[in-house]
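> Below is the structure I would like to discuss, written out as structure tokens.
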Amino acid sequence: MEKGELGFSKVWTIPKDIIAAGCRHTVGLNSDGTVTAVGDNKYGQCDVSGWRDMVAVAAGNVHMATNTGNAHTVGLRSDGTVAAVGWNKHDQCNVNGWRDIVAVAAGWRRTVGLKSDGTVVAVGRNHEGQCNVSGWRDMVAVAAGDWHTVGLKSNGMLTTVGNNRYGQCNVSGWRDIVAAEAGYLHTVGLMSDGTVVAVGLNKHGQCDVSGWRDILAIAAGSHHTIGLRSDGTVTAVGWNEHGQCNVSGWRDIVSIAAGCVHTLGVKSDGTVVAVGDNEYGQCDVSGWHDIQLPSN
């Protein structure tokens, strides 16, 4: 999510992600509306070179397991239409007919779109009800985990559907939320006072965010959680076997994203930093230099 996009008030600025992290690939929105991607391209999820007039990107994230990794990439155009490439076994890329979309999210095997009227659409695998969003109203943001979907309402409360095995959907008591993110089996909420709440699987401490302060943006990977502070520094908790939480030295960051086991930060000069697993080249972003900066 981006720094400075959301404020808890009656007038919402819909967040538009300028960088996205999948399980094994990274996607960035350039300042000219084109898109660049690096990493695993087995299913064509990095085939975005022909995209134009984009205003946001999303990458299908999955948990780390030997039988997963297939992913897709989603792009939101300035005219409210949506493009998608990559793995489409469950029709998660069938978004050509979508219109009036203002934000997109991508989970494992599905794509979610927020419409300008506050309703939500979803395509893809729905075995656990994670696409049952047709009744949602008055939404201002959406997030997609592996098997659950989260919607942020204009009143600062959350709605969730899908798998709740680890309590990742137990957010009904949350109030004053201004941003929400969904990981593999956990959900994270940013409150209007800059503090953070989290529920769900906490095996690796990915929900240990109660001490965070002055947070402007959050991101959730499979088993780790990232927070962007108001001073441009970044904090992280959770699984760190691949160094995906080694962000303490980052400075001047304006946007963050978390993939399965890697973490991304966009700096104020449009360059990108990355830490974590790089087996597929998903962290090879040192040459990126013209990523679009968040709108304030």
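Naming works like this for the structure tokens: A, B, ... for the chains as they're shown, residue 1 at the start of each chain, ligands 1 onward in shown order.
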Give me the residues near A:Ser31 as a list in words, where near means some atom within 8 Å (using only C-alpha atoms) and where sequence neighbours in that chain fewer than 3 positions away do not count.

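With the cut-off at 8 Å, the set is Thr34, Asp290, Ile291, Gln292 and Leu293 of chain A.
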
> Excluding stretch 88-95 of chain A and residues on its chain fewer than 6 positions from it, collect all residues at most 6 Å away from it, counting only C-alpha atoms, and give them as a list in words.

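Near neighbours after the sequence-gap exclusion: Arg109, Arg110, Thr111, Val123, Gly124 and Arg125 of chain A.
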
> Create the file for the chosen residues now, containing C-alpha atoms and written as a compact mmCIF listing (two decimals), in the first residue's frame.


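The file below, selection_33.txt, is the result:
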# COMPACT_ATOMS: atom_id res chain seq x y z
CA ARG A 109 -6.33 -18.18 -7.84
CA ARG A 110 -8.60 -15.12 -7.86
CA THR A 111 -8.90 -11.43 -8.69
CA VAL A 123 -13.46 -14.03 -10.27
CA GLY A 124 -11.55 -17.23 -9.65
CA ARG A 125 -11.59 -20.13 -7.23

> Tell me, as an MDAnalysis selection string, which residues lie within 6 Å of stretch 15-22 of chain A, counting only C-alpha atoms; anything in the same chain fewer than 2 positions away does not count.

chainID A and resid 1 5 24:29 56:61 257:259

> Mind dumping the selected residues with all heavy atoms as an mmCIF file, in the first residue's frame?


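Ended up saving to selection.cif:
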data_model
loop_
_atom_site.group_PDB
_atom_site.id
_atom_site.type_symbol
_atom_site.label_atom_id
_atom_site.label_comp_id
_atom_site.auth_asym_id
_atom_site.auth_seq_id
_atom_site.Cartn_x
_atom_site.Cartn_y
_atom_site.Cartn_z
ATOM 1 N N MET A 1 0.835 -1.193 0.000
ATOM 2 C CA MET A 1 0.000 0.000 0.000
ATOM 3 C C MET A 1 0.873 1.247 0.000
ATOM 4 O O MET A 1 2.043 1.194 0.333
ATOM 5 C CB MET A 1 -0.913 0.004 1.232
ATOM 6 C CG MET A 1 -1.803 -1.237 1.319
ATOM 7 S SD MET A 1 -3.020 -1.323 0.005
ATOM 8 C CE MET A 1 -4.114 0.014 0.459
ATOM 9 N N GLU A 5 -1.940 7.827 1.012
ATOM 10 C CA GLU A 5 -3.121 7.733 0.160
ATOM 11 C C GLU A 5 -4.433 7.824 0.936
ATOM 12 O O GLU A 5 -5.407 8.346 0.456
ATOM 13 C CB GLU A 5 -3.085 6.409 -0.612
ATOM 14 C CG GLU A 5 -2.225 6.456 -1.868
ATOM 15 C CD GLU A 5 -2.947 7.070 -3.042
ATOM 16 O OE1 GLU A 5 -4.164 7.182 -2.992
ATOM 17 O OE2 GLU A 5 -2.278 7.453 -3.993
ATOM 18 N N ARG A 24 6.726 -15.365 -6.619
ATOM 19 C CA ARG A 24 8.049 -15.458 -7.241
ATOM 20 C C ARG A 24 8.290 -14.360 -8.274
ATOM 21 O O ARG A 24 9.188 -14.470 -9.090
ATOM 22 C CB ARG A 24 8.220 -16.825 -7.916
ATOM 23 C CG ARG A 24 8.057 -18.007 -6.978
ATOM 24 C CD ARG A 24 7.974 -19.304 -7.750
ATOM 25 N NE ARG A 24 7.865 -20.458 -6.859
ATOM 26 C CZ ARG A 24 7.570 -21.693 -7.270
ATOM 27 N NH1 ARG A 24 7.328 -21.918 -8.561
ATOM 28 N NH2 ARG A 24 7.492 -22.687 -6.406
ATOM 29 N N HIS A 25 7.475 -13.311 -8.262
ATOM 30 C CA HIS A 25 7.694 -12.228 -9.229
ATOM 31 C C HIS A 25 7.338 -10.888 -8.611
ATOM 32 O O HIS A 25 6.662 -10.810 -7.585
ATOM 33 C CB HIS A 25 6.930 -12.477 -10.533
ATOM 34 C CG HIS A 25 5.450 -12.239 -10.492
ATOM 35 N ND1 HIS A 25 4.586 -12.944 -9.679
ATOM 36 C CD2 HIS A 25 4.665 -11.367 -11.186
ATOM 37 C CE1 HIS A 25 3.341 -12.529 -9.891
ATOM 38 N NE2 HIS A 25 3.363 -11.564 -10.781
ATOM 39 N N THR A 26 7.839 -9.830 -9.257
ATOM 40 C CA THR A 26 7.636 -8.456 -8.792
ATOM 41 C C THR A 26 7.139 -7.610 -9.952
ATOM 42 O O THR A 26 7.613 -7.742 -11.080
ATOM 43 C CB THR A 26 8.950 -7.866 -8.248
ATOM 44 O OG1 THR A 26 9.355 -8.621 -7.106
ATOM 45 C CG2 THR A 26 8.792 -6.407 -7.858
ATOM 46 N N VAL A 27 6.182 -6.729 -9.666
ATOM 47 C CA VAL A 27 5.573 -5.889 -10.691
ATOM 48 C C VAL A 27 5.637 -4.436 -10.253
ATOM 49 O O VAL A 27 5.341 -4.116 -9.099
ATOM 50 C CB VAL A 27 4.100 -6.296 -10.920
ATOM 51 C CG1 VAL A 27 3.501 -5.503 -12.077
ATOM 52 C CG2 VAL A 27 3.989 -7.790 -11.175
ATOM 53 N N GLY A 28 6.031 -3.557 -11.168
ATOM 54 C CA GLY A 28 6.104 -2.142 -10.853
ATOM 55 C C GLY A 28 5.403 -1.293 -11.891
ATOM 56 O O GLY A 28 5.472 -1.575 -13.092
ATOM 57 N N LEU A 29 4.732 -0.239 -11.424
ATOM 58 C CA LEU A 29 4.059 0.711 -12.312
ATOM 59 C C LEU A 29 4.997 1.880 -12.587
ATOM 60 O O LEU A 29 5.429 2.570 -11.664
ATOM 61 C CB LEU A 29 2.774 1.209 -11.653
ATOM 62 C CG LEU A 29 1.988 2.304 -12.375
ATOM 63 C CD1 LEU A 29 1.470 1.808 -13.715
ATOM 64 C CD2 LEU A 29 0.846 2.810 -11.499
ATOM 65 N N ALA A 56 -2.594 1.209 -11.561
ATOM 66 C CA ALA A 56 -2.363 0.357 -10.395
ATOM 67 C C ALA A 56 -2.040 -1.056 -10.863
ATOM 68 O O ALA A 56 -2.427 -1.463 -11.971
ATOM 69 C CB ALA A 56 -3.581 0.332 -9.479
ATOM 70 N N VAL A 57 -1.325 -1.782 -10.008
ATOM 71 C CA VAL A 57 -0.976 -3.170 -10.317
ATOM 72 C C VAL A 57 -1.243 -4.057 -9.101
ATOM 73 O O VAL A 57 -1.271 -3.595 -7.955
ATOM 74 C CB VAL A 57 0.500 -3.310 -10.738
ATOM 75 C CG1 VAL A 57 0.727 -2.658 -12.089
ATOM 76 C CG2 VAL A 57 1.436 -2.716 -9.683
ATOM 77 N N ALA A 58 -1.426 -5.346 -9.358
ATOM 78 C CA ALA A 58 -1.578 -6.336 -8.298
ATOM 79 C C ALA A 58 -0.951 -7.639 -8.773
ATOM 80 O O ALA A 58 -0.921 -7.924 -9.978
ATOM 81 C CB ALA A 58 -3.050 -6.552 -7.961
ATOM 82 N N ALA A 59 -0.451 -8.426 -7.837
ATOM 83 C CA ALA A 59 0.178 -9.700 -8.172
ATOM 84 C C ALA A 59 -0.403 -10.797 -7.299
ATOM 85 O O ALA A 59 -0.494 -10.649 -6.079
ATOM 86 C CB ALA A 59 1.692 -9.624 -7.967
ATOM 87 N N GLY A 60 -0.799 -11.888 -7.918
ATOM 88 C CA GLY A 60 -1.331 -13.013 -7.169
ATOM 89 C C GLY A 60 -0.264 -13.623 -6.290
ATOM 90 O O GLY A 60 0.786 -14.059 -6.771
ATOM 91 N N ASN A 61 -0.505 -13.627 -5.016
ATOM 92 C CA ASN A 61 0.456 -14.151 -4.049
ATOM 93 C C ASN A 61 -0.025 -15.500 -3.542
ATOM 94 O O ASN A 61 -1.212 -15.750 -3.430
ATOM 95 C CB ASN A 61 0.624 -13.184 -2.883
ATOM 96 C CG ASN A 61 1.867 -13.475 -2.067
ATOM 97 O OD1 ASN A 61 2.697 -14.302 -2.436
ATOM 98 N ND2 ASN A 61 2.019 -12.793 -0.953
ATOM 99 N N ALA A 257 5.546 -3.290 -0.436
ATOM 100 C CA ALA A 257 4.790 -4.463 -0.852
ATOM 101 C C ALA A 257 5.477 -5.694 -0.286
ATOM 102 O O ALA A 257 6.699 -5.711 -0.110
ATOM 103 C CB ALA A 257 4.694 -4.555 -2.372
ATOM 104 N N ALA A 258 4.695 -6.713 -0.003
ATOM 105 C CA ALA A 258 5.235 -7.953 0.534
ATOM 106 C C ALA A 258 4.728 -9.130 -0.275
ATOM 107 O O ALA A 258 3.521 -9.277 -0.492
ATOM 108 C CB ALA A 258 4.845 -8.111 2.002
ATOM 109 N N GLY A 259 5.655 -9.955 -0.733
ATOM 110 C CA GLY A 259 5.304 -11.169 -1.444
ATOM 111 C C GLY A 259 5.362 -12.358 -0.510
ATOM 112 O O GLY A 259 5.368 -12.207 0.721
#

> To one decimal place in Å, what is the distance between atom CA of A:Trp288 and atom CA of A:Thr36?

8.7 Å

> Within 8 Å of stretch 222-239 of chain A, counting only C-alpha atoms, which residues show up once you throw out same-chain ones fewer than 5 positions away? Write them as a ChimeraX atom specification, please.

/A:3,61-64,183-185,188,204-209,213-217,244-261

> As a ChimeraX atom specification, please: the residues near A:Thr159 (cut-off 8 Å, only C-alpha atoms, same-chain neighbours under 5 positions excluded).

/A:150-153,171-172

> I need the residues from that last selection saved to file as a compact mmCIF listing (two decimals), in the first residue's frame (with C-alpha atoms), if you can.


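Result went into again-v1.txt, see below:
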# COMPACT_ATOMS: atom_id res chain seq x y z
CA VAL A 150 -11.18 -8.40 2.97
CA GLY A 151 -13.18 -5.27 2.24
CA LEU A 152 -12.78 -1.91 3.97
CA LYS A 153 -15.98 0.11 4.34
CA VAL A 171 -12.28 -8.46 12.43
CA SER A 172 -15.85 -7.49 13.26

> So which residues touch stretch 174-176 of chain A within 10 Å, counting only C-alpha atoms, skipping near sequence neighbours fewer than 2 positions away, as a PDB file with all heavy atoms, in the first residue's frame?


ATOM      1  N   PHE A   8      -8.522   8.959   7.378  1.00  0.00           N
ATOM      2  CA  PHE A   8      -9.820   8.590   7.918  1.00  0.00           C
ATOM      3  C   PHE A   8     -10.715   9.827   7.994  1.00  0.00           C
ATOM      4  O   PHE A   8     -10.647  10.618   8.909  1.00  0.00           O
ATOM      5  CB  PHE A   8      -9.654   7.956   9.302  1.00  0.00           C
ATOM      6  CG  PHE A   8     -10.926   7.358   9.820  1.00  0.00           C
ATOM      7  CD1 PHE A   8     -11.471   6.257   9.189  1.00  0.00           C
ATOM      8  CD2 PHE A   8     -11.579   7.896  10.906  1.00  0.00           C
ATOM      9  CE1 PHE A   8     -12.656   5.695   9.648  1.00  0.00           C
ATOM     10  CE2 PHE A   8     -12.764   7.351  11.374  1.00  0.00           C
ATOM     11  CZ  PHE A   8     -13.300   6.238  10.742  1.00  0.00           C
ATOM     12  N   SER A   9     -11.539   9.960   7.005  1.00  0.00           N
ATOM     13  CA  SER A   9     -12.440  11.102   6.922  1.00  0.00           C
ATOM     14  C   SER A   9     -13.616  10.714   6.039  1.00  0.00           C
ATOM     15  O   SER A   9     -13.685   9.609   5.538  1.00  0.00           O
ATOM     16  CB  SER A   9     -11.713  12.315   6.334  1.00  0.00           C
ATOM     17  OG  SER A   9     -11.349  12.068   4.992  1.00  0.00           O
ATOM     18  N   SER A 154     -16.438   2.472   4.184  1.00  0.00           N
ATOM     19  CA  SER A 154     -16.176   3.894   4.404  1.00  0.00           C
ATOM     20  C   SER A 154     -16.366   4.310   5.858  1.00  0.00           C
ATOM     21  O   SER A 154     -15.921   5.380   6.264  1.00  0.00           O
ATOM     22  CB  SER A 154     -17.073   4.750   3.501  1.00  0.00           C
ATOM     23  OG  SER A 154     -18.436   4.546   3.816  1.00  0.00           O
ATOM     24  N   ASN A 155     -16.993   3.463   6.659  1.00  0.00           N
ATOM     25  CA  ASN A 155     -17.155   3.778   8.077  1.00  0.00           C
ATOM     26  C   ASN A 155     -15.996   3.278   8.930  1.00  0.00           C
ATOM     27  O   ASN A 155     -16.048   3.331  10.151  1.00  0.00           O
ATOM     28  CB  ASN A 155     -18.479   3.219   8.596  1.00  0.00           C
ATOM     29  CG  ASN A 155     -18.540   1.699   8.567  1.00  0.00           C
ATOM     30  OD1 ASN A 155     -17.595   1.034   8.153  1.00  0.00           O
ATOM     31  ND2 ASN A 155     -19.668   1.145   9.003  1.00  0.00           N
ATOM     32  N   GLY A 156     -14.942   2.769   8.269  1.00  0.00           N
ATOM     33  CA  GLY A 156     -13.759   2.320   8.987  1.00  0.00           C
ATOM     34  C   GLY A 156     -13.839   0.915   9.533  1.00  0.00           C
ATOM     35  O   GLY A 156     -12.981   0.506  10.324  1.00  0.00           O
ATOM     36  N   MET A 157     -14.841   0.150   9.116  1.00  0.00           N
ATOM     37  CA  MET A 157     -14.986  -1.231   9.542  1.00  0.00           C
ATOM     38  C   MET A 157     -14.671  -2.178   8.379  1.00  0.00           C
ATOM     39  O   MET A 157     -14.654  -1.752   7.219  1.00  0.00           O
ATOM     40  CB  MET A 157     -16.403  -1.480  10.071  1.00  0.00           C
ATOM     41  CG  MET A 157     -16.739  -0.643  11.291  1.00  0.00           C
ATOM     42  SD  MET A 157     -18.448  -0.833  11.852  1.00  0.00           S
ATOM     43  CE  MET A 157     -18.458  -2.562  12.349  1.00  0.00           C
ATOM     44  N   LEU A 158     -14.400  -3.440   8.702  1.00  0.00           N
ATOM     45  CA  LEU A 158     -14.036  -4.424   7.695  1.00  0.00           C
ATOM     46  C   LEU A 158     -15.107  -5.483   7.517  1.00  0.00           C
ATOM     47  O   LEU A 158     -15.829  -5.826   8.457  1.00  0.00           O
ATOM     48  CB  LEU A 158     -12.724  -5.116   8.071  1.00  0.00           C
ATOM     49  CG  LEU A 158     -11.459  -4.272   8.153  1.00  0.00           C
ATOM     50  CD1 LEU A 158     -10.257  -5.155   8.480  1.00  0.00           C
ATOM     51  CD2 LEU A 158     -11.213  -3.519   6.852  1.00  0.00           C
ATOM     52  N   ASN A 170     -11.734 -12.711  11.808  1.00  0.00           N
ATOM     53  CA  ASN A 170     -12.349 -12.202  13.038  1.00  0.00           C
ATOM     54  C   ASN A 170     -12.008 -10.723  13.258  1.00  0.00           C
ATOM     55  O   ASN A 170     -11.258 -10.352  14.154  1.00  0.00           O
ATOM     56  CB  ASN A 170     -11.895 -13.028  14.242  1.00  0.00           C
ATOM     57  CG  ASN A 170     -12.378 -14.466  14.183  1.00  0.00           C
ATOM     58  OD1 ASN A 170     -13.260 -14.798  13.390  1.00  0.00           O
ATOM     59  ND2 ASN A 170     -11.798 -15.323  14.999  1.00  0.00           N
ATOM     60  N   VAL A 171     -12.590  -9.886  12.412  1.00  0.00           N
ATOM     61  CA  VAL A 171     -12.275  -8.460  12.429  1.00  0.00           C
ATOM     62  C   VAL A 171     -13.508  -7.604  12.710  1.00  0.00           C
ATOM     63  O   VAL A 171     -13.451  -6.376  12.583  1.00  0.00           O
ATOM     64  CB  VAL A 171     -11.647  -8.032  11.081  1.00  0.00           C
ATOM     65  CG1 VAL A 171     -10.336  -8.759  10.839  1.00  0.00           C
ATOM     66  CG2 VAL A 171     -12.626  -8.289   9.928  1.00  0.00           C
ATOM     67  N   SER A 172     -14.595  -8.224  13.110  1.00  0.00           N
ATOM     68  CA  SER A 172     -15.853  -7.485  13.258  1.00  0.00           C
ATOM     69  C   SER A 172     -15.777  -6.407  14.343  1.00  0.00           C
ATOM     70  O   SER A 172     -16.531  -5.436  14.314  1.00  0.00           O
ATOM     71  CB  SER A 172     -17.006  -8.445  13.572  1.00  0.00           C
ATOM     72  OG  SER A 172     -16.751  -9.156  14.777  1.00  0.00           O
ATOM     73  N   VAL A 178      -8.165   2.387   8.352  1.00  0.00           N
ATOM     74  CA  VAL A 178      -7.972   3.191   7.135  1.00  0.00           C
ATOM     75  C   VAL A 178      -7.291   2.409   6.013  1.00  0.00           C
ATOM     76  O   VAL A 178      -7.221   2.871   4.880  1.00  0.00           O
ATOM     77  CB  VAL A 178      -7.167   4.476   7.439  1.00  0.00           C
ATOM     78  CG1 VAL A 178      -7.947   5.384   8.380  1.00  0.00           C
ATOM     79  CG2 VAL A 178      -5.797   4.155   8.005  1.00  0.00           C
ATOM     80  N   ALA A 179      -6.771   1.220   6.326  1.00  0.00           N
ATOM     81  CA  ALA A 179      -6.173   0.356   5.306  1.00  0.00           C
ATOM     82  C   ALA A 179      -6.152  -1.063   5.837  1.00  0.00           C
ATOM     83  O   ALA A 179      -6.028  -1.282   7.052  1.00  0.00           O
ATOM     84  CB  ALA A 179      -4.762   0.813   4.949  1.00  0.00           C
ATOM     85  N   GLY A 189      -4.718  -4.640   9.894  1.00  0.00           N
ATOM     86  CA  GLY A 189      -5.452  -3.392   9.727  1.00  0.00           C
ATOM     87  C   GLY A 189      -4.675  -2.207  10.265  1.00  0.00           C
ATOM     88  O   GLY A 189      -4.093  -2.279  11.351  1.00  0.00           O
ATOM     89  N   LEU A 190      -4.653  -1.132   9.499  1.00  0.00           N
ATOM     90  CA  LEU A 190      -4.030   0.121   9.926  1.00  0.00           C
ATOM     91  C   LEU A 190      -5.111   1.043  10.460  1.00  0.00           C
ATOM     92  O   LEU A 190      -6.099   1.316   9.783  1.00  0.00           O
ATOM     93  CB  LEU A 190      -3.308   0.777   8.743  1.00  0.00           C
ATOM     94  CG  LEU A 190      -2.740   2.179   8.989  1.00  0.00           C
ATOM     95  CD1 LEU A 190      -1.681   2.169  10.079  1.00  0.00           C
ATOM     96  CD2 LEU A 190      -2.178   2.753   7.684  1.00  0.00           C
ATOM     97  N   MET A 191      -4.909   1.525  11.694  1.00  0.00           N
ATOM     98  CA  MET A 191      -5.897   2.396  12.318  1.00  0.00           C
ATOM     99  C   MET A 191      -5.582   3.866  12.048  1.00  0.00           C
ATOM    100  O   MET A 191      -4.453   4.217  11.690  1.00  0.00           O
ATOM    101  CB  MET A 191      -5.959   2.122  13.817  1.00  0.00           C
ATOM    102  CG  MET A 191      -6.341   0.688  14.149  1.00  0.00           C
ATOM    103  SD  MET A 191      -6.610   0.389  15.905  1.00  0.00           S
ATOM    104  CE  MET A 191      -8.120   1.318  16.177  1.00  0.00           C
ATOM    105  N   SER A 192      -6.584   4.701  12.219  1.00  0.00           N
ATOM    106  CA  SER A 192      -6.432   6.118  11.887  1.00  0.00           C
ATOM    107  C   SER A 192      -5.392   6.819  12.755  1.00  0.00           C
ATOM    108  O   SER A 192      -4.858   7.863  12.368  1.00  0.00           O
ATOM    109  CB  SER A 192      -7.780   6.837  12.026  1.00  0.00           C
ATOM    110  OG  SER A 192      -8.283   6.726  13.344  1.00  0.00           O
ATOM    111  N   ASP A 193      -5.067   6.248  13.913  1.00  0.00           N
ATOM    112  CA  ASP A 193      -4.064   6.866  14.787  1.00  0.00           C
ATOM    113  C   ASP A 193      -2.649   6.368  14.531  1.00  0.00           C
ATOM    114  O   ASP A 193      -1.727   6.671  15.275  1.00  0.00           O
ATOM    115  CB  ASP A 193      -4.431   6.648  16.254  1.00  0.00           C
ATOM    116  CG  ASP A 193      -4.437   5.176  16.661  1.00  0.00           C
ATOM    117  OD1 ASP A 193      -4.176   4.311  15.796  1.00  0.00           O
ATOM    118  OD2 ASP A 193      -4.698   4.895  17.851  1.00  0.00           O
ATOM    119  N   VAL A 197      -3.360  -3.392  13.930  1.00  0.00           N
ATOM    120  CA  VAL A 197      -3.950  -4.578  14.540  1.00  0.00           C
ATOM    121  C   VAL A 197      -3.823  -5.751  13.570  1.00  0.00           C
ATOM    122  O   VAL A 197      -3.755  -5.556  12.351  1.00  0.00           O
ATOM    123  CB  VAL A 197      -5.431  -4.351  14.915  1.00  0.00           C
ATOM    124  CG1 VAL A 197      -5.544  -3.420  16.109  1.00  0.00           C
ATOM    125  CG2 VAL A 197      -6.216  -3.784  13.723  1.00  0.00           C
ATOM    126  N   ALA A 198      -3.794  -6.966  14.108  1.00  0.00           N
ATOM    127  CA  ALA A 198      -3.665  -8.146  13.261  1.00  0.00           C
ATOM    128  C   ALA A 198      -4.306  -9.351  13.932  1.00  0.00           C
ATOM    129  O   ALA A 198      -4.276  -9.485  15.156  1.00  0.00           O
ATOM    130  CB  ALA A 198      -2.198  -8.437  12.957  1.00  0.00           C
TER     131      ALA A 198
END

> Calculate how many Å separate atom CA of A:Asp100 from atom CA of A:Arg77, rounding to one decimal.

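Pair atom CA of A:Asp100 / atom CA of A:Arg77 returns 10.0 Å.
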